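Structure file model_3.pdb (PDB, C-alpha atoms and all ligand atoms) follows.
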ATOM      1  CA  MET A1137      -4.115  34.568  26.668
ATOM      2  CA  ARG A1138      -1.268  35.545  28.979
ATOM      3  CA  ARG A1139       0.955  38.361  27.704
ATOM      4  CA  LEU A1140       4.660  37.790  28.168
ATOM      5  CA  LEU A1141       6.373  39.990  30.763
ATOM      6  CA  VAL A1142      10.079  40.793  30.600
ATOM      7  CA  ALA A1143      11.290  42.153  33.937
ATOM      8  CA  GLY A1144      14.726  43.463  34.884
ATOM      9  CA  ASN A1145      15.978  43.106  38.450
ATOM     10  CA  TRP A1146      18.885  45.514  38.696
ATOM     11  CA  LYS A1147      19.742  44.276  42.212
ATOM     12  CA  MET A1148      22.380  46.495  43.919
ATOM     13  CA  ASN A1149      23.740  47.966  40.708
ATOM     14  CA  THR A1150      23.829  51.345  38.951
ATOM     15  CA  VAL A1151      24.274  54.872  40.268
ATOM     16  CA  ARG A1152      21.781  57.619  39.514
ATOM     17  CA  LYS A1153      23.276  58.605  36.173
ATOM     18  CA  THR A1154      23.594  55.042  34.871
ATOM     19  CA  ALA A1155      20.153  54.125  36.229
ATOM     20  CA  GLU A1156      18.551  57.006  34.340
ATOM     21  CA  ALA A1157      20.458  56.156  31.157
ATOM     22  CA  LEU A1158      19.543  52.475  31.419
ATOM     23  CA  ALA A1159      15.874  53.316  31.978
ATOM     24  CA  SER A1160      15.864  55.591  28.933
ATOM     25  CA  GLY A1161      17.576  52.929  26.827
ATOM     26  CA  VAL A1162      15.053  50.301  27.917
ATOM     27  CA  ALA A1163      12.153  52.674  27.255
ATOM     28  CA  SER A1164      13.227  53.425  23.704
ATOM     29  CA  GLY A1165      14.151  49.820  22.904
ATOM     30  CA  ALA A1166      10.897  48.498  24.355
ATOM     31  CA  LYS A1167       8.693  51.033  22.591
ATOM     32  CA  PRO A1168       8.003  49.100  19.365
ATOM     33  CA  HIS A1169       7.058  45.991  21.376
ATOM     34  CA  LEU A1170       4.836  47.299  24.150
ATOM     35  CA  ALA A1171       1.695  46.623  22.131
ATOM     36  CA  THR A1172       2.290  42.895  22.671
ATOM     37  CA  VAL A1173       4.796  42.510  25.534
ATOM     38  CA  ASP A1174       4.896  43.946  29.075
ATOM     39  CA  VAL A1175       8.173  45.331  30.403
ATOM     40  CA  LEU A1176       9.161  46.072  34.000
ATOM     41  CA  VAL A1177      12.354  47.394  35.573
ATOM     42  CA  CYS A1178      13.257  47.166  39.272
ATOM     43  CA  PRO A1179      16.040  49.585  40.205
ATOM     44  CA  PRO A1180      17.542  50.097  43.681
ATOM     45  CA  PHE A1181      15.434  52.188  46.088
ATOM     46  CA  PRO A1182      17.374  55.482  45.792
ATOM     47  CA  TYR A1183      16.799  55.565  42.041
ATOM     48  CA  LEU A1184      13.088  54.722  41.931
ATOM     49  CA  VAL A1185      12.085  58.370  41.655
ATOM     50  CA  PRO A1186      14.607  59.409  38.970
ATOM     51  CA  VAL A1187      13.907  56.204  37.031
ATOM     52  CA  ALA A1188      10.152  56.898  37.288
ATOM     53  CA  ALA A1189      10.880  60.281  35.682
ATOM     54  CA  ALA A1190      13.013  58.695  32.968
ATOM     55  CA  LEU A1191      10.216  56.189  32.215
ATOM     56  CA  ALA A1192       7.340  58.692  32.350
ATOM     57  CA  GLY A1193       4.869  58.076  29.546
ATOM     58  CA  SER A1194       6.935  55.188  28.141
ATOM     59  CA  GLY A1195       4.622  52.326  29.117
ATOM     60  CA  VAL A1196       7.487  50.524  30.893
ATOM     61  CA  SER A1197       6.469  49.656  34.463
ATOM     62  CA  LEU A1198       8.489  50.395  37.590
ATOM     63  CA  GLY A1199       8.982  47.971  40.465
ATOM     64  CA  ALA A1200      10.881  47.857  43.739
ATOM     65  CA  GLN A1201      13.037  44.952  44.874
ATOM     66  CA  ASN A1202      11.541  44.653  48.349
ATOM     67  CA  VAL A1203       8.917  46.120  50.689
ATOM     68  CA  TRP A1204       8.153  46.129  54.392
ATOM     69  CA  HIS A1205       4.737  44.878  55.465
ATOM     70  CA  GLU A1206       3.919  47.468  58.139
ATOM     71  CA  PRO A1207       2.313  50.694  56.896
ATOM     72  CA  LYS A1208       4.617  53.092  58.787
ATOM     73  CA  GLY A1209       6.507  53.698  61.976
ATOM     74  CA  ALA A1210       9.678  52.678  63.741
ATOM     75  CA  PHE A1211      11.174  50.276  61.187
ATOM     76  CA  THR A1212      14.603  51.727  60.547
ATOM     77  CA  GLY A1213      15.826  51.170  57.032
ATOM     78  CA  GLU A1214      12.544  49.802  55.714
ATOM     79  CA  THR A1215      10.154  51.054  53.017
ATOM     80  CA  SER A1216       6.358  50.763  53.014
ATOM     81  CA  ALA A1217       4.031  49.844  50.159
ATOM     82  CA  ASP A1218       2.561  53.361  50.247
ATOM     83  CA  MET A1219       6.041  54.840  49.818
ATOM     84  CA  LEU A1220       6.635  52.621  46.794
ATOM     85  CA  LEU A1221       3.328  53.658  45.234
ATOM     86  CA  ASP A1222       4.189  57.294  45.951
ATOM     87  CA  ALA A1223       7.571  56.824  44.239
ATOM     88  CA  GLY A1224       5.804  55.590  41.097
ATOM     89  CA  CYS A1225       6.024  51.814  41.530
ATOM     90  CA  SER A1226       3.299  49.491  40.315
ATOM     91  CA  HIS A1227       5.187  46.266  41.143
ATOM     92  CA  VAL A1228       7.381  44.844  43.878
ATOM     93  CA  LEU A1229       9.604  41.752  43.996
ATOM     94  CA  ILE A1230       9.057  39.678  47.130
ATOM     95  CA  GLY A1231      10.962  36.657  48.411
ATOM     96  CA  HIS A1232      13.862  36.897  45.985
ATOM     97  CA  SER A1233      16.374  34.131  46.653
ATOM     98  CA  GLU A1234      19.010  36.629  47.742
ATOM     99  CA  ARG A1235      16.618  37.869  50.425
ATOM    100  CA  ARG A1236      15.627  34.333  51.416
ATOM    101  CA  HIS A1237      19.127  32.903  51.552
ATOM    102  CA  VAL A1238      21.578  35.781  52.047
ATOM    103  CA  LEU A1239      19.341  37.900  54.303
ATOM    104  CA  ARG A1240      17.548  34.923  55.843
ATOM    105  CA  GLU A1241      14.004  36.168  55.255
ATOM    106  CA  PRO A1242      11.628  33.500  56.576
ATOM    107  CA  ASP A1243       8.512  32.241  54.793
ATOM    108  CA  ASP A1244       6.098  33.982  57.171
ATOM    109  CA  LEU A1245       7.730  37.385  56.631
ATOM    110  CA  ILE A1246       7.550  36.880  52.869
ATOM    111  CA  ASN A1247       3.856  36.074  53.236
ATOM    112  CA  ARG A1248       3.242  39.263  55.250
ATOM    113  CA  LYS A1249       4.942  41.277  52.541
ATOM    114  CA  VAL A1250       2.866  39.641  49.778
ATOM    115  CA  ARG A1251      -0.376  40.381  51.614
ATOM    116  CA  ALA A1252       0.656  43.945  52.460
ATOM    117  CA  ALA A1253       1.676  44.704  48.876
ATOM    118  CA  ILE A1254      -1.514  43.284  47.347
ATOM    119  CA  GLY A1255      -3.615  44.956  50.046
ATOM    120  CA  LYS A1256      -2.185  48.322  49.048
ATOM    121  CA  GLY A1257      -2.714  47.700  45.338
ATOM    122  CA  LEU A1258       0.876  46.904  44.401
ATOM    123  CA  HIS A1259       1.451  43.980  42.050
ATOM    124  CA  ALA A1260       3.481  41.375  43.954
ATOM    125  CA  VAL A1261       6.052  39.275  42.093
ATOM    126  CA  LEU A1262       6.597  36.331  44.439
ATOM    127  CA  CYS A1263       9.893  34.570  43.769
ATOM    128  CA  VAL A1264      10.261  30.858  44.489
ATOM    129  CA  GLY A1265      12.966  28.331  43.675
ATOM    130  CA  GLU A1266      15.024  25.458  44.970
ATOM    131  CA  LEU A1267      18.643  25.290  46.126
ATOM    132  CA  PRO A1268      21.115  23.086  44.216
ATOM    133  CA  ASP A1269      21.033  20.274  46.776
ATOM    134  CA  GLU A1270      17.248  20.407  46.941
ATOM    135  CA  ARG A1271      17.152  19.717  43.200
ATOM    136  CA  SER A1272      19.821  17.030  43.282
ATOM    137  CA  SER A1273      18.015  15.229  46.090
ATOM    138  CA  GLY A1274      14.691  15.305  44.220
ATOM    139  CA  ARG A1275      13.005  17.826  46.509
ATOM    140  CA  THR A1276      12.323  20.578  43.947
ATOM    141  CA  GLN A1277       8.554  20.148  43.861
ATOM    142  CA  ALA A1278       8.268  19.835  47.639
ATOM    143  CA  VAL A1279      10.252  23.062  48.085
ATOM    144  CA  LEU A1280       8.122  24.895  45.527
ATOM    145  CA  ASP A1281       4.946  23.622  47.213
ATOM    146  CA  ARG A1282       6.168  24.851  50.610
ATOM    147  CA  GLN A1283       7.147  28.270  49.271
ATOM    148  CA  MET A1284       3.811  28.641  47.474
ATOM    149  CA  GLU A1285       1.732  27.436  50.422
ATOM    150  CA  SER A1286       3.451  29.721  52.912
ATOM    151  CA  GLY A1287       3.967  32.657  50.551
ATOM    152  CA  LEU A1288       0.314  32.729  49.532
ATOM    153  CA  ALA A1289      -1.287  31.984  52.915
ATOM    154  CA  GLY A1290      -4.314  34.253  53.233
ATOM    155  CA  VAL A1291      -4.172  35.288  49.563
ATOM    156  CA  GLU A1292      -7.569  34.773  47.923
ATOM    157  CA  ALA A1293      -8.380  33.791  44.344
ATOM    158  CA  GLY A1294      -9.661  37.345  43.829
ATOM    159  CA  ASP A1295      -6.190  38.726  44.636
ATOM    160  CA  PHE A1296      -4.482  36.967  41.740
ATOM    161  CA  GLY A1297      -4.896  39.925  39.407
ATOM    162  CA  LYS A1298      -2.179  41.505  41.572
ATOM    163  CA  LEU A1299       0.159  38.520  41.584
ATOM    164  CA  THR A1300       2.918  37.098  39.409
ATOM    165  CA  ILE A1301       5.104  34.129  40.311
ATOM    166  CA  ALA A1302       8.784  34.047  39.359
ATOM    167  CA  TYR A1303      10.425  30.618  39.309
ATOM    168  CA  GLU A1304      14.082  31.239  40.009
ATOM    169  CA  PRO A1305      16.101  28.094  40.731
ATOM    170  CA  VAL A1306      18.890  29.246  43.030
ATOM    171  CA  TRP A1307      21.498  27.211  41.134
ATOM    172  CA  ALA A1308      20.729  29.222  37.988
ATOM    173  CA  ILE A1309      20.912  32.714  39.506
ATOM    174  CA  GLY A1310      24.068  34.570  38.548
ATOM    175  CA  THR A1311      25.840  31.336  37.627
ATOM    176  CA  GLY A1312      25.561  31.381  33.853
ATOM    177  CA  VAL A1313      23.816  27.992  34.147
ATOM    178  CA  THR A1314      20.351  28.594  32.710
ATOM    179  CA  ALA A1315      17.672  26.000  33.365
ATOM    180  CA  THR A1316      16.931  24.099  30.183
ATOM    181  CA  PRO A1317      13.585  25.001  28.593
ATOM    182  CA  GLU A1318      12.377  21.542  29.670
ATOM    183  CA  GLN A1319      13.444  22.059  33.297
ATOM    184  CA  ALA A1320      11.741  25.460  33.359
ATOM    185  CA  GLN A1321       8.578  24.124  31.740
ATOM    186  CA  GLN A1322       8.411  21.225  34.183
ATOM    187  CA  ALA A1323       8.647  23.521  37.210
ATOM    188  CA  HIS A1324       6.191  26.065  35.759
ATOM    189  CA  ASP A1325       3.712  23.317  34.921
ATOM    190  CA  HIS A1326       3.996  22.064  38.489
ATOM    191  CA  LEU A1327       3.440  25.568  39.899
ATOM    192  CA  ARG A1328       0.409  26.163  37.678
ATOM    193  CA  LYS A1329      -1.097  22.820  38.645
ATOM    194  CA  TRP A1330      -0.510  23.661  42.296
ATOM    195  CA  VAL A1331      -2.479  26.904  41.848
ATOM    196  CA  ALA A1332      -5.260  25.097  39.957
ATOM    197  CA  ALA A1333      -5.628  22.567  42.777
ATOM    198  CA  ARG A1334      -5.265  25.041  45.654
ATOM    199  CA  TYR A1335      -7.401  27.797  44.057
ATOM    200  CA  ASN A1336      -9.093  27.031  40.756
ATOM    201  CA  PRO A1337      -8.221  26.334  37.103
ATOM    202  CA  GLU A1338      -9.273  29.806  35.872
ATOM    203  CA  VAL A1339      -6.944  31.580  38.290
ATOM    204  CA  ALA A1340      -4.127  29.164  37.377
ATOM    205  CA  LYS A1341      -4.657  29.743  33.663
ATOM    206  CA  ALA A1342      -4.514  33.528  33.999
ATOM    207  CA  LEU A1343      -1.472  33.585  36.311
ATOM    208  CA  ARG A1344       1.834  34.694  34.819
ATOM    209  CA  ILE A1345       4.821  32.584  35.818
ATOM    210  CA  LEU A1346       8.201  34.079  34.917
ATOM    211  CA  TYR A1347      11.476  32.202  34.681
ATOM    212  CA  GLY A1348      14.607  33.748  36.217
ATOM    213  CA  GLY A1349      18.191  32.533  36.373
ATOM    214  CA  SER A1350      20.934  33.484  33.879
ATOM    215  CA  VAL A1351      18.463  34.477  31.156
ATOM    216  CA  THR A1352      20.210  36.033  28.153
ATOM    217  CA  ALA A1353      19.078  36.985  24.669
ATOM    218  CA  LYS A1354      20.570  33.680  23.484
ATOM    219  CA  ASP A1355      18.214  31.409  25.409
ATOM    220  CA  ALA A1356      15.220  33.723  25.933
ATOM    221  CA  LYS A1357      13.315  32.576  22.856
ATOM    222  CA  ASN A1358      13.580  28.870  23.692
ATOM    223  CA  LEU A1359      12.455  29.549  27.253
ATOM    224  CA  PHE A1360       9.570  31.842  26.289
ATOM    225  CA  GLU A1361       8.308  29.317  23.747
ATOM    226  CA  GLN A1362       7.486  26.900  26.565
ATOM    227  CA  ALA A1363       3.758  26.657  27.190
ATOM    228  CA  ASP A1364       3.910  27.717  30.849
ATOM    229  CA  VAL A1365       6.797  30.201  30.715
ATOM    230  CA  ASP A1366       5.219  33.651  30.581
ATOM    231  CA  GLY A1367       8.359  35.750  30.413
ATOM    232  CA  GLY A1368      11.536  36.313  32.353
ATOM    233  CA  LEU A1369      12.959  37.942  35.460
ATOM    234  CA  VAL A1370      16.397  38.981  34.312
ATOM    235  CA  GLY A1371      19.327  39.971  36.528
ATOM    236  CA  GLY A1372      22.751  40.447  34.935
ATOM    237  CA  ALA A1373      21.452  40.817  31.375
ATOM    238  CA  SER A1374      19.072  43.598  32.453
ATOM    239  CA  LEU A1375      21.943  45.953  33.340
ATOM    240  CA  GLU A1376      22.667  47.023  29.764
ATOM    241  CA  ALA A1377      19.943  48.062  27.345
ATOM    242  CA  GLU A1378      21.939  46.351  24.574
ATOM    243  CA  LYS A1379      21.483  43.029  26.364
ATOM    244  CA  PHE A1380      17.995  43.554  27.811
ATOM    245  CA  VAL A1381      16.207  44.908  24.737
ATOM    246  CA  PRO A1382      16.988  41.770  22.658
ATOM    247  CA  ILE A1383      15.245  39.745  25.398
ATOM    248  CA  ILE A1384      12.167  41.948  24.953
ATOM    249  CA  GLU A1385      12.499  41.401  21.202
ATOM    250  CA  ALA A1386      12.623  37.639  21.758
ATOM    251  CA  ALA A1387       9.384  37.854  23.738
ATOM    252  CA  ALA A1388       7.770  39.891  20.962
ATOM    253  CA  ALA A1389       8.933  37.355  18.356
ATOM    254  CA  VAL A1390       7.498  34.451  20.359
ATOM    255  CA  THR A1391       4.211  36.331  20.724
ATOM    256  CA  ALA A1392       4.157  37.144  16.991
ATOM    257  CA  SER A1393       4.703  33.497  16.187
ATOM    258  CA  GLY A1394       1.349  32.781  17.789
ATOM    259  CA  LYS A1395       2.070  31.674  21.346
TER     260      LYS A1395
HETATM  261  P1  LIG B1401      20.681  36.525  36.775
HETATM  262  O1  LIG B1401      19.898  36.784  35.519
HETATM  263  O2  LIG B1401      21.849  37.442  36.943
HETATM  264  O3  LIG B1401      21.024  35.084  36.905
HETATM  265  O4  LIG B1401      19.699  36.883  38.001
HETATM  266  C1  LIG B1401      18.436  36.342  38.033
HETATM  267  C2  LIG B1401      17.682  36.961  39.129
HETATM  268  O5  LIG B1401      17.960  36.737  40.296
HETATM  269  C3  LIG B1401      16.599  37.883  38.774
HETATM  270  O6  LIG B1401      15.826  38.203  39.889
END
As structure tokens, how would this structure be written, given the file I've shared?
Amino acid sequence: MRRLLVAGNWKMNTVRKTAEALASGVASGAKPHLATVDVLVCPPFPYLVPVAAALAGSGVSLGAQNVWHEPKGAFTGETSADMLLDAGCSHVLIGHSERRHVLREPDDLINRKVRAAIGKGLHAVLCVGELPDERSSGRTQAVLDRQMESGLAGVEAGDFGKLTIAYEPVWAIGTGVTATPEQAQQAHDHLRKWVAARYNPEVAKALRILYGGSVTAKDAKNLFEQADVDGGLVGGASLEAEKFVPIIEAAAAVTASGK
């Protein structure tokens, strides 16, 4: 069975002191639940090392929000997979909608990053999701198919142990408009079927697919109860332990109820 994963994407928030305090708060709040639920936090680059120290021995995983695909060299401002591993990361977010749409990252660059991360042993969290007009014009599944096909080009079935998909509809990110559990389930089911057809049913069954987009403690349980929703990628509500820990608790409750 797939364990639920609750991940926090801190985006460009916190300073060192608040990052350390948030990490400590998450670590202590998550502690009673780590036997059944996985927890990940993704702070900004400058705070990876202090947050790694704050999380040491806690069982909460550390991820970065981005990576560059080349191993080293003249890439001003970029960070390699080896650097992330050295800083204590096990995970990295790739293809987040803010990088796709604000920073204009193209599909082929996202694919290079996925392959580089997996190749170095980092766990890649590939984010996919449609824009508002893509949904309203009935193109959601076509967009997801394109992002999966291009994002996973060259990724083999044997690599899937190092891969998580995050479905993050762009219209739900930072808007307070959460996808309904039915909308999330429909998209996740489509993504899992895509993987089953493109790879094989075993790989599809084992793959974790997270939902992201205005997740709060209020709706987490209903989302996590969906058959193909394997946890959440949380933005705004991951910035305070008091808001994030209840989402972990919701995941633990759903797991305890037999999902
Ligand atoms: P919000 O939870 O703030 O909508 O952000 C979601 C997100 O983009 C997580 O990666």
So which residues touch segment 1328-1330 of chain A within 10 Å, counting all atoms listed in the file, skipping near sequence neighbours fewer than 5 positions away, as a VMD selection string? chain A and resid 1277 1280 to 1281 1284 to 1285 1301 1323 1335 to 1337 1339 to 1345 1364
Expand the PyMOL selection byres (((chain A and resi 1305-1316) around 7) and not hetatm) into the explicit residue set it covers here, and present it as a compact mmCIF listing (two decimals) with C-alpha atoms, in the frame of the given file.
# COMPACT_ATOMS: atom_id res chain seq x y z
CA SER A 1233 16.37 34.13 46.65
CA GLY A 1265 12.97 28.33 43.68
CA GLU A 1266 15.02 25.46 44.97
CA LEU A 1267 18.64 25.29 46.13
CA PRO A 1268 21.12 23.09 44.22
CA TYR A 1303 10.42 30.62 39.31
CA GLU A 1304 14.08 31.24 40.01
CA PRO A 1317 13.58 25.00 28.59
CA GLU A 1318 12.38 21.54 29.67
CA GLN A 1319 13.44 22.06 33.30
CA ALA A 1320 11.74 25.46 33.36
CA GLY A 1349 18.19 32.53 36.37
CA SER A 1350 20.93 33.48 33.88
CA VAL A 1351 18.46 34.48 31.16
Show me, as number ranges by chain, the residues that have an atom within 12 Å of Gly1255 of chain A when counting all atoms listed in the file, minus same-chain residues fewer than 4 positions from it. A: 1205-1207, 1216-1218, 1248-1251, 1259-1260, 1290-1292, 1294-1299
Any idea what's packed within 10 Å of segment 1147-1159 of chain A, counting all atoms listed in the file, ignoring anything in its chain fewer than 3 positions away? Could you give it as a ChimeraX atom specification? /A:1144,1162-1165,1177-1191,1194,1196,1198,1200-1201,1234,1371-1372,1374-1378,1380
Show me, as a PDB file with C-alpha atoms, keeping the file's coordinate frame, the residues that have an atom within 10 Å of Thr1391 of chain A when counting only C-alpha atoms, minus same-chain residues fewer than 4 positions from it.
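Result file follows (around.pdb):
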ATOM      1  CA  ARG A1138      -1.268  35.545  28.979  1.00  0.00           C
ATOM      2  CA  ARG A1139       0.955  38.361  27.704  1.00  0.00           C
ATOM      3  CA  LEU A1140       4.660  37.790  28.168  1.00  0.00           C
ATOM      4  CA  THR A1172       2.290  42.895  22.671  1.00  0.00           C
ATOM      5  CA  VAL A1173       4.796  42.510  25.534  1.00  0.00           C
ATOM      6  CA  PHE A1360       9.570  31.842  26.289  1.00  0.00           C
ATOM      7  CA  GLU A1361       8.308  29.317  23.747  1.00  0.00           C
ATOM      8  CA  GLU A1385      12.499  41.401  21.202  1.00  0.00           C
ATOM      9  CA  ALA A1386      12.623  37.639  21.758  1.00  0.00           C
ATOM     10  CA  ALA A1387       9.384  37.854  23.738  1.00  0.00           C
ATOM     11  CA  LYS A1395       2.070  31.674  21.346  1.00  0.00           C
TER      12      LYS A1395
END
Determine the axis-aligned bounding box of all atoms of segment 1347-1350 of chain A present in the file, pad each side by 3 Å, and express its centre and edge lengths in Å to one decimal place as AutoDock Vina command-line options.
--center_x 16.2 --center_y 33.0 --center_z 35.1 --size_x 15.5 --size_y 7.5 --size_z 8.5
What does the distance from atom CA of Ser1286 of chain A to atom CA of Asn1247 of chain A come to in Å, to one decimal?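 Answer for the atom CA of Ser1286 of chain A to atom CA of Asn1247 of chain A separation: 6.4 Å.
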Among listed residues A:Ser1197, A:Leu1245, A:Ala1293, A:Ser1272, nearest Leu1258 of chain A (using all atoms listed in the file): A:Ser1197
Kindly complete segment 1177-1200 of chain A to N, CA and C atoms; the output should be written as a compact mmCIF listing (two decimals), keeping the file's coordinate frame.
# COMPACT_ATOMS: atom_id res chain seq x y z
N VAL A 1177 10.99 47.30 35.04
CA VAL A 1177 12.35 47.39 35.57
C VAL A 1177 12.28 47.65 37.07
N CYS A 1178 13.22 47.06 37.81
CA CYS A 1178 13.26 47.17 39.27
C CYS A 1178 14.62 47.68 39.72
N PRO A 1179 14.76 49.00 39.80
CA PRO A 1179 16.04 49.58 40.20
C PRO A 1179 16.19 49.59 41.73
N PRO A 1180 17.37 49.93 42.23
CA PRO A 1180 17.54 50.10 43.68
C PRO A 1180 16.67 51.25 44.21
N PHE A 1181 16.33 51.18 45.48
CA PHE A 1181 15.43 52.19 46.09
C PHE A 1181 15.81 53.65 45.79
N PRO A 1182 17.09 54.04 45.94
CA PRO A 1182 17.37 55.48 45.79
C PRO A 1182 17.08 56.02 44.39
N TYR A 1183 16.98 55.10 43.42
CA TYR A 1183 16.80 55.56 42.04
C TYR A 1183 15.38 55.33 41.52
N LEU A 1184 14.47 54.92 42.40
CA LEU A 1184 13.09 54.72 41.93
C LEU A 1184 12.52 56.02 41.36
N VAL A 1185 12.71 57.11 42.09
CA VAL A 1185 12.08 58.37 41.66
C VAL A 1185 12.72 58.89 40.36
N PRO A 1186 14.06 58.98 40.27
CA PRO A 1186 14.61 59.41 38.97
C PRO A 1186 14.29 58.44 37.83
N VAL A 1187 14.24 57.15 38.12
CA VAL A 1187 13.91 56.20 37.03
C VAL A 1187 12.44 56.36 36.63
N ALA A 1188 11.57 56.63 37.62
CA ALA A 1188 10.15 56.90 37.29
C ALA A 1188 10.07 58.08 36.33
N ALA A 1189 10.89 59.10 36.57
CA ALA A 1189 10.88 60.28 35.68
C ALA A 1189 11.39 59.90 34.30
N ALA A 1190 12.44 59.09 34.27
CA ALA A 1190 13.01 58.70 32.97
C ALA A 1190 12.03 57.83 32.17
N LEU A 1191 11.16 57.11 32.89
CA LEU A 1191 10.22 56.19 32.22
C LEU A 1191 8.87 56.85 31.92
N ALA A 1192 8.67 58.06 32.42
CA ALA A 1192 7.34 58.69 32.35
C ALA A 1192 6.76 58.64 30.94
N GLY A 1193 5.56 58.12 30.83
CA GLY A 1193 4.87 58.08 29.55
C GLY A 1193 5.35 56.98 28.61
N SER A 1194 6.33 56.18 29.05
CA SER A 1194 6.94 55.19 28.14
C SER A 1194 6.12 53.90 28.05
N GLY A 1195 5.33 53.61 29.09
CA GLY A 1195 4.62 52.33 29.12
C GLY A 1195 5.42 51.22 29.77
N VAL A 1196 6.68 51.50 30.14
CA VAL A 1196 7.49 50.52 30.89
C VAL A 1196 7.14 50.70 32.37
N SER A 1197 6.88 49.58 33.05
CA SER A 1197 6.47 49.66 34.46
C SER A 1197 7.68 49.70 35.39
N LEU A 1198 7.44 50.23 36.58
CA LEU A 1198 8.49 50.40 37.59
C LEU A 1198 8.17 49.52 38.80
N GLY A 1199 9.17 48.79 39.27
CA GLY A 1199 8.98 47.97 40.47
C GLY A 1199 10.11 48.17 41.45
N ALA A 1200 9.84 47.85 42.71
CA ALA A 1200 10.88 47.86 43.74
C ALA A 1200 11.34 46.42 43.97
